[in-house]
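Coordinates as given in query19.tsv (TSV, C-alpha atoms):
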chain	number	residue	atom	x	y	z
W	1	MET	CA	0.00	0.00	0.00
W	2	SER	CA	1.50	3.30	-1.07
W	3	GLY	CA	1.20	6.61	0.69
W	4	HIS	CA	1.20	7.48	4.38
W	5	SER	CA	-0.01	4.13	5.69
W	6	ARG	CA	-1.87	3.44	8.91
W	7	TRP	CA	1.34	1.92	10.33
W	8	ALA	CA	3.20	5.16	9.55
W	9	ASN	CA	0.55	7.02	11.54
W	10	ILE	CA	0.85	4.57	14.43
W	11	LYS	CA	4.65	4.90	14.53
W	12	HIS	CA	4.34	8.70	14.50
W	13	LYS	CA	1.92	8.58	17.42
W	14	LYS	CA	4.03	6.08	19.35
W	15	ALA	CA	7.13	8.25	19.03
W	16	LYS	CA	5.21	11.29	20.19
W	17	SER	CA	3.61	9.37	23.05
W	18	ASP	CA	6.96	7.99	24.22
W	19	ALA	CA	8.13	11.56	24.70
W	20	LYS	CA	5.02	12.33	26.76
W	21	ARG	CA	4.60	9.11	28.71
W	22	GLY	CA	3.02	10.78	31.74
W	23	LYS	CA	0.22	12.25	29.63
W	24	LEU	CA	-0.29	8.94	27.84
W	25	TRP	CA	-0.55	7.05	31.12
W	26	SER	CA	-3.08	9.58	32.39
W	27	LYS	CA	-5.26	9.01	29.33
W	28	CYS	CA	-5.04	5.22	29.77
W	29	VAL	CA	-5.94	5.39	33.46
W	30	ARG	CA	-8.90	7.62	32.63
W	31	ALA	CA	-10.14	5.06	30.08
W	32	VAL	CA	-9.77	2.22	32.61
W	33	MET	CA	-11.74	4.15	35.21
W	34	ALA	CA	-14.48	5.04	32.75
W	35	GLY	CA	-14.76	1.42	31.62
W	36	ALA	CA	-14.92	0.13	35.18
W	37	ARG	CA	-17.56	2.67	36.20
W	38	GLN	CA	-19.63	1.83	33.14
W	39	GLY	CA	-19.66	-1.96	33.36
W	40	GLY	CA	-17.98	-3.10	36.57
W	41	GLY	CA	-14.46	-4.10	37.48
W	42	ASP	CA	-14.27	-7.57	35.91
W	43	PRO	CA	-12.61	-7.47	32.47
W	44	ALA	CA	-13.88	-10.99	31.73
W	45	THR	CA	-17.44	-9.66	31.55
W	46	ASN	CA	-16.72	-6.01	30.72
W	47	LEU	CA	-15.17	-5.78	27.26
W	48	THR	CA	-14.84	-2.00	27.40
W	49	LEU	CA	-12.69	-2.37	30.50
W	50	ARG	CA	-10.74	-5.22	28.93
W	51	TYR	CA	-9.86	-3.12	25.88
W	52	ALA	CA	-8.84	-0.22	28.14
W	53	ILE	CA	-6.62	-2.50	30.24
W	54	ASP	CA	-5.00	-3.92	27.10
W	55	GLU	CA	-4.21	-0.43	25.82
W	56	ALA	CA	-2.85	0.57	29.22
W	57	LYS	CA	-0.59	-2.48	29.27
W	58	ALA	CA	0.59	-1.72	25.73
W	59	ALA	CA	1.56	1.75	26.99
W	60	ASN	CA	3.52	0.10	29.84
W	61	VAL	CA	1.26	1.46	32.57
W	62	PRO	CA	2.24	-0.40	35.79
W	63	LYS	CA	-0.08	-3.20	36.87
W	64	ASP	CA	-0.68	-1.69	40.31
W	65	THR	CA	-1.66	1.63	38.72
W	66	ILE	CA	-4.28	-0.15	36.61
W	67	GLU	CA	-5.59	-2.06	39.63
W	68	LYS	CA	-5.83	1.12	41.72
W	69	ALA	CA	-7.76	2.84	38.93
W	70	ILE	CA	-10.28	-0.02	38.81
W	71	ALA	CA	-10.61	-0.05	42.61
W	72	LYS	CA	-11.16	3.70	42.69
W	73	ALA	CA	-13.77	3.56	39.96
W	74	THR	CA	-15.75	0.70	41.47
W	75	GLY	CA	-15.25	1.46	45.15
W	76	ALA	CA	-15.80	4.83	46.78
W	77	ALA	CA	-18.45	7.07	45.28
W	78	GLU	CA	-16.24	10.11	45.26
W	79	GLY	CA	-13.85	10.92	42.46
W	80	GLN	CA	-14.14	12.05	38.88
W	81	ASN	CA	-16.93	10.61	36.78
W	82	PHE	CA	-15.85	10.60	33.14
W	83	GLU	CA	-18.26	10.32	30.23
W	84	ALA	CA	-17.50	9.52	26.61
W	85	VAL	CA	-18.09	12.34	24.11
W	86	THR	CA	-17.26	12.79	20.44
W	87	TYR	CA	-16.58	15.81	18.24
W	88	GLU	CA	-16.59	16.05	14.47
W	89	GLY	CA	-15.28	18.53	11.97
W	90	TYR	CA	-13.05	19.29	9.01
W	91	GLY	CA	-9.39	20.21	8.90
W	92	PRO	CA	-7.23	21.83	6.19
W	93	GLY	CA	-7.68	20.32	2.73
W	94	GLY	CA	-11.19	19.13	3.59
W	95	VAL	CA	-9.93	16.28	5.79
W	96	ALA	CA	-12.71	14.79	7.95
W	97	ILE	CA	-11.75	14.51	11.64
W	98	PHE	CA	-13.52	12.47	14.33
W	99	VAL	CA	-12.44	13.03	17.95
W	100	GLU	CA	-13.13	10.66	20.86
W	101	ALA	CA	-12.80	12.05	24.39
W	102	LEU	CA	-13.47	11.23	28.03
W	103	THR	CA	-14.43	14.23	30.12
W	104	ASP	CA	-15.78	15.30	33.48
W	105	ASN	CA	-16.66	18.72	32.07
W	106	ARG	CA	-18.33	18.86	28.66
W	107	ASN	CA	-18.13	22.66	28.38
W	108	ARG	CA	-14.38	22.70	28.98
W	109	THR	CA	-13.67	19.93	26.50
W	110	ALA	CA	-15.93	21.34	23.78
W	111	GLY	CA	-14.33	24.75	24.18
W	112	ASP	CA	-10.80	23.35	23.98
W	113	VAL	CA	-11.57	21.24	20.90
W	114	ARG	CA	-13.32	24.14	19.14
W	115	THR	CA	-10.38	26.45	19.89
W	116	TYR	CA	-7.82	24.02	18.47
W	117	PHE	CA	-9.84	23.43	15.32
W	118	GLY	CA	-9.99	27.19	14.77
W	119	LYS	CA	-6.30	27.78	15.49
W	120	HIS	CA	-5.20	25.18	12.96
W	121	GLY	CA	-7.41	26.04	10.01
W	122	GLY	CA	-10.27	23.66	10.74
W	123	ASN	CA	-13.95	23.91	11.59
W	124	LEU	CA	-15.88	22.02	14.25
W	125	GLY	CA	-19.03	20.53	12.74
W	126	ALA	CA	-22.37	19.25	13.94
W	127	SER	CA	-23.01	15.76	15.28
W	128	ASN	CA	-22.98	13.12	12.52
W	129	SER	CA	-21.34	15.50	10.05
W	130	VAL	CA	-18.40	13.12	9.50
W	131	ALA	CA	-19.01	10.11	11.77
W	132	TYR	CA	-20.59	8.12	8.95
W	133	GLN	CA	-17.24	8.16	7.12
W	134	PHE	CA	-15.47	6.17	9.86
W	135	GLN	CA	-16.20	2.53	10.62
W	136	PRO	CA	-15.31	0.97	14.01
W	137	ARG	CA	-12.71	-1.77	13.52
W	138	GLY	CA	-9.99	-3.70	15.30
W	139	VAL	CA	-6.51	-3.38	13.81
W	140	PHE	CA	-3.33	-5.41	14.37
W	141	ALA	CA	0.14	-4.72	12.97
W	142	VAL	CA	2.44	-7.77	12.76
W	143	SER	CA	6.11	-7.51	11.82
W	144	LYS	CA	6.98	-9.29	8.59
W	145	GLU	CA	10.11	-10.60	10.29
W	146	THR	CA	8.08	-12.72	12.72
W	147	VAL	CA	5.66	-14.60	10.45
W	148	GLU	CA	5.08	-15.57	6.83
W	149	GLU	CA	2.08	-14.09	5.08
W	150	GLU	CA	0.50	-17.47	4.33
W	151	LYS	CA	0.56	-18.57	7.97
W	152	LEU	CA	-0.71	-15.22	9.23
W	153	MET	CA	-3.58	-15.17	6.76
W	154	GLU	CA	-4.57	-18.70	7.70
W	155	VAL	CA	-4.62	-17.93	11.43
W	156	ALA	CA	-6.25	-14.50	11.16
W	157	LEU	CA	-8.90	-15.31	8.56
W	158	ASP	CA	-9.85	-18.60	10.24
W	159	ALA	CA	-10.37	-16.62	13.46
W	160	GLY	CA	-12.76	-14.23	11.71
W	161	ALA	CA	-10.57	-11.34	10.53
W	162	GLU	CA	-11.88	-9.32	7.59
W	163	ASP	CA	-8.60	-8.77	5.78
W	164	VAL	CA	-4.80	-9.02	5.90
W	165	THR	CA	-2.87	-6.42	3.90
W	166	ASP	CA	0.74	-5.49	3.16
W	167	GLU	CA	1.67	-2.20	4.86
W	168	GLY	CA	5.37	-2.15	3.98
W	169	GLU	CA	7.14	-3.02	7.23
W	170	VAL	CA	4.20	-4.95	8.67
W	171	TRP	CA	1.17	-7.06	7.85
W	172	GLN	CA	-2.05	-5.32	8.86
W	173	ILE	CA	-5.03	-7.31	10.10
W	174	VAL	CA	-8.48	-5.70	10.17
W	175	THR	CA	-11.38	-7.17	12.13
W	176	GLU	CA	-14.89	-6.33	13.16
W	177	VAL	CA	-14.95	-5.02	16.72
W	178	ALA	CA	-16.88	-8.10	17.84
W	179	LYS	CA	-14.15	-10.38	16.46
W	180	PHE	CA	-11.19	-8.42	17.90
W	181	MET	CA	-10.62	-10.56	20.99
W	182	GLN	CA	-11.00	-13.92	19.26
W	183	VAL	CA	-8.51	-12.87	16.55
W	184	ARG	CA	-6.12	-11.67	19.25
W	185	GLN	CA	-6.42	-14.96	21.11
W	186	ALA	CA	-5.87	-16.93	17.90
W	187	LEU	CA	-2.68	-14.96	17.20
W	188	GLU	CA	-1.43	-15.59	20.74
W	189	GLN	CA	-2.16	-19.32	20.49
W	190	ALA	CA	-0.21	-19.43	17.22
W	191	GLY	CA	2.75	-17.69	18.85
W	192	ILE	CA	2.26	-14.50	16.82
W	193	LYS	CA	2.89	-11.28	18.78
W	194	PRO	CA	1.53	-8.10	17.16
W	195	GLU	CA	3.63	-4.94	17.15
W	196	HIS	CA	0.43	-3.02	17.79
W	197	ALA	CA	-3.23	-3.79	18.43
W	198	GLU	CA	-6.10	-1.36	18.90
W	199	LEU	CA	-9.78	-0.68	18.52
W	200	THR	CA	-10.08	2.28	16.19
W	201	ARG	CA	-12.09	3.75	13.34
W	202	ILE	CA	-11.10	3.36	9.70
W	203	ALA	CA	-12.11	5.88	7.07
W	204	ASP	CA	-14.11	4.68	4.06
W	205	ASN	CA	-12.07	6.96	1.78
W	206	THR	CA	-8.99	9.16	2.14
W	207	ILE	CA	-7.94	12.58	0.85
W	208	THR	CA	-4.43	12.83	-0.60
W	209	LEU	CA	-2.60	15.86	0.79
W	210	GLY	CA	0.23	18.01	-0.49
W	211	ALA	CA	2.98	19.23	1.82
W	212	GLU	CA	1.30	22.46	2.92
W	213	ASP	CA	-2.02	20.91	3.92
W	214	ALA	CA	-0.25	17.85	5.36
W	215	LYS	CA	1.74	20.01	7.78
W	216	LYS	CA	-1.42	21.81	8.87
W	217	VAL	CA	-3.42	18.60	9.34
W	218	LEU	CA	-0.66	16.90	11.33
W	219	ALA	CA	-0.33	20.02	13.52
W	220	LEU	CA	-4.08	20.03	14.20
W	221	ILE	CA	-4.15	16.33	15.04
W	222	GLU	CA	-1.14	16.62	17.33
W	223	ALA	CA	-2.69	19.60	19.13
W	224	LEU	CA	-5.97	17.71	19.65
W	225	GLU	CA	-4.18	14.58	20.86
W	226	ASP	CA	-2.24	16.68	23.36
W	227	LEU	CA	-5.48	17.66	25.14
W	228	ASP	CA	-5.89	15.70	28.38
W	229	ASP	CA	-9.53	14.88	27.63
W	230	VAL	CA	-8.93	13.56	24.10
W	231	GLN	CA	-8.38	9.82	23.77
W	232	LYS	CA	-8.20	9.28	20.00
W	233	VAL	CA	-8.31	11.34	16.83
W	234	HIS	CA	-9.32	9.77	13.51
W	235	ALA	CA	-8.80	11.50	10.15
W	236	ASN	CA	-9.25	10.45	6.52
W	237	TYR	CA	-5.99	11.75	5.03
W	238	ASP	CA	-3.21	10.14	3.03
W	239	ILE	CA	0.26	11.64	2.60
W	240	PRO	CA	2.22	10.22	-0.37
W	241	ASP	CA	5.63	8.79	0.47
W	242	GLU	CA	7.47	11.44	-1.53
W	243	VAL	CA	5.63	14.26	0.27
W	244	MET	CA	6.34	12.74	3.68
W	245	ALA	CA	10.00	12.26	2.77
W	246	ALA	CA	10.27	15.91	1.72
W	247	MET	CA	8.59	17.05	4.95
W	248	GLU	CA	10.95	14.95	7.08
W	249	GLY	CA	14.06	15.92	5.06
Represent the supplied structure as structure tokens.
Amino acid sequence: MSGHSRWANIKHKKAKSDAKRGKLWSKCVRAVMAGARQGGGDPATNLTLRYAIDEAKAANVPKDTIEKAIAKATGAAEGQNFEAVTYEGYGPGGVAIFVEALTDNRNRTAGDVRTYFGKHGGNLGASNSVAYQFQPRGVFAVSKETVEEEKLMEVALDAGAEDVTDEGEVWQIVTEVAKFMQVRQALEQAGIKPEHAELTRIADNTITLGAEDAKKVLALIEALEDLDDVQKVHANYDIPDEVMAAMEG
């Protein structure tokens, strides 16, 4: 797959997150607490909590920190009560942007998101203005050095994955959200360890950006992701390899 692949986006986010580990951990803990409050503290019966714990572990959040977050959320009544909210809009170049957040103050979060859209050449839109363009999916990235394509396809597709594609450095597996855990378990049983695994949203179509709009879109996304309340930002852009190389050069 040519262009600025999903794996390129993931690597960019991982590098940025590694430099801001404290903020990343805070976001993970917030998601664990919200999941536990919503459906209880047992990840075996609360898939939202299980996904949040998995993401926290992937971010190297200490086990005792995760356990304390669950205990706090399911124990005493006091403490912050986070709710899930979403925001939608358009960035430079007409790129559709879908923002997922957890907040204890809707007015603060909406104001922050609106401000950042405006500062970076975007516009916050109405509910459902872009959500229809993004489909919830599970995504795995598996290093090509660890498994042959034929074996990976057999394991993943037999477990219910939708597709396995070549993303340059890695194989990408896409699943329905409902099949995410069974595909993950099948990979583990086959001795296949993904480089990355997440529940996300995948755009139906992408907009190819030139260097000027690409810089603006990446700046907007990074600013939004830096907000404490924001958990994930999804956007339907593609940056050709030659444009990305010129931007990084």
With the cut-off set at 12 Å and counting all atoms listed in the file, tabulate each residue of segment 115-197 of chain W with an atom at most that distance from an atom of segment 36-49 of chain W, showing the nearest atom pair and its distance in Å to one decimal, ordered by chain and increasing number, as a tab-separated table.
residue	atom	partner	partner_atom	distance
W:Val177	CA	W:Leu47	CA	10.6
W:Ala178	CA	W:Leu47	CA	9.9
W:Lys179	CA	W:Leu47	CA	11.8
W:Phe180	CA	W:Leu47	CA	10.5
W:Met181	CA	W:Leu47	CA	9.1
Can you check which parts of segment 120-186 of chain W lie within 8 Å of segment 192-207 of chain W? Per residue, the shortest pair of atoms and distance in Å to one decimal, counting all atoms listed in the file, sorted by chain and number, as JSON lines.
{"residue": "W:Gln133", "atom": "CA", "partner": "W:Asp204", "partner_atom": "CA", "distance": 5.6}
{"residue": "W:Phe134", "atom": "CA", "partner": "W:Ala203", "partner_atom": "CA", "distance": 4.4}
{"residue": "W:Gln135", "atom": "CA", "partner": "W:Arg201", "partner_atom": "CA", "distance": 5.1}
{"residue": "W:Pro136", "atom": "CA", "partner": "W:Arg201", "partner_atom": "CA", "distance": 4.3}
{"residue": "W:Arg137", "atom": "CA", "partner": "W:Thr200", "partner_atom": "CA", "distance": 5.5}
{"residue": "W:Gly138", "atom": "CA", "partner": "W:Leu199", "partner_atom": "CA", "distance": 4.4}
{"residue": "W:Val139", "atom": "CA", "partner": "W:Glu198", "partner_atom": "CA", "distance": 5.5}
{"residue": "W:Phe140", "atom": "CA", "partner": "W:Ala197", "partner_atom": "CA", "distance": 4.4}
{"residue": "W:Ala141", "atom": "CA", "partner": "W:His196", "partner_atom": "CA", "distance": 5.1}
{"residue": "W:Val142", "atom": "CA", "partner": "W:Pro194", "partner_atom": "CA", "distance": 4.5}
{"residue": "W:Ser143", "atom": "CA", "partner": "W:Glu195", "partner_atom": "CA", "distance": 6.4}
{"residue": "W:Thr146", "atom": "CA", "partner": "W:Ile192", "partner_atom": "CA", "distance": 7.3}
{"residue": "W:Val147", "atom": "CA", "partner": "W:Ile192", "partner_atom": "CA", "distance": 7.2}
{"residue": "W:Val177", "atom": "CA", "partner": "W:Leu199", "partner_atom": "CA", "distance": 7.0}
{"residue": "W:Phe180", "atom": "CA", "partner": "W:Leu199", "partner_atom": "CA", "distance": 7.9}
Problem - Residues within 6 Å of segment 235-246 of chain W, only C-alpha atoms, excluding chain neighbours under 5 positions, as a VMD selection string - result: chain W and resid 3 to 4 95 to 97 203 206 to 209 211
Practice task
Using all atoms listed in the file, determine which residues lie at most 12 Å from Glu149 of chain W, disregarding the query and same-chain residues fewer than 6 positions distant; provide the list as a list in words.
Solution key: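 Result of the neighbour search: Val142, Ser143, Val155, Ala156, Leu157, Asp163, Val164, Thr165, Asp166, Glu167, Val170, Trp171, Gln172, Ile173 and Ile192 of chain W.
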Limited to C-alpha atoms, could you put the picked residues into a file as a PDB file, keeping the file's coordinate frame?
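Printed below is part.pdb as written:
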ATOM      1  CA  VAL W 142       2.440  -7.770  12.760  1.00  0.00           C
ATOM      2  CA  SER W 143       6.110  -7.510  11.820  1.00  0.00           C
ATOM      3  CA  VAL W 155      -4.620 -17.930  11.430  1.00  0.00           C
ATOM      4  CA  ALA W 156      -6.250 -14.500  11.160  1.00  0.00           C
ATOM      5  CA  LEU W 157      -8.900 -15.310   8.560  1.00  0.00           C
ATOM      6  CA  ASP W 163      -8.600  -8.770   5.780  1.00  0.00           C
ATOM      7  CA  VAL W 164      -4.800  -9.020   5.900  1.00  0.00           C
ATOM      8  CA  THR W 165      -2.870  -6.420   3.900  1.00  0.00           C
ATOM      9  CA  ASP W 166       0.740  -5.490   3.160  1.00  0.00           C
ATOM     10  CA  GLU W 167       1.670  -2.200   4.860  1.00  0.00           C
ATOM     11  CA  VAL W 170       4.200  -4.950   8.670  1.00  0.00           C
ATOM     12  CA  TRP W 171       1.170  -7.060   7.850  1.00  0.00           C
ATOM     13  CA  GLN W 172      -2.050  -5.320   8.860  1.00  0.00           C
ATOM     14  CA  ILE W 173      -5.030  -7.310  10.100  1.00  0.00           C
ATOM     15  CA  ILE W 192       2.260 -14.500  16.820  1.00  0.00           C
TER      16      ILE W 192
END
Exercise for the section: Might you pull out every residue within 12 Å of Gly118 of chain W, with all atoms listed in the file counted and same-chain residues fewer than 3 positions away left off, and present them as number ranges by chain? Expected result: W: 89-92, 111-115, 121-125, 216, 220, 223-224
Handout entry: Who sits within 8 Å of Val32 of chain W, only C-alpha atoms, same chain under 5 positions skipped, as a ChimeraX atom specification
Key = /W:49,52-53,56,66,69-70
Handout entry: Residue with smallest distance to Leu152 of chain W - pool W:Glu169, W:Ala126, W:Gly191, W:Phe117, counting only C-alpha atoms
Key =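 Smallest distance to Leu152 of chain W is found for W:Gly191.
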Problem - Pick from W:Asn105, W:Val99, W:Thr65, W:Gln189, whichever lies nearest to His234 of chain W using all atoms listed in the file - result: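 Among the listed residues, W:Val99 lies closest to His234 of chain W.
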Handout entry: Atomic distance atom CA of Trp25 of chain W - atom CA of Asn60 of chain W, expressed in Å with one decimal
Key =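 Taking atom CA of Trp25 of chain W as the start and atom CA of Asn60 of chain W as the end point, the length is 8.2 Å.
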Handout entry: Option closest in space to Lys232 of chain W, from W:Ala84, W:Ala34, W:Lys57, W:Gly94 [counting only C-alpha atoms]
Key =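 For Lys232 of chain W, the nearest of the candidates is W:Ala84.
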Exercise for the section: Provide the atom CA of Gly35 of chain W to atom CA of Ala110 of chain W distance in Å, to one decimal place. Expected result: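 Here the two named atoms are 21.4 Å from each other.
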Problem - Point-to-point distance from atom CA of Met247 of chain W to atom CA of Tyr87 of chain W, Å rounded to tenths - result: 28.5 Å
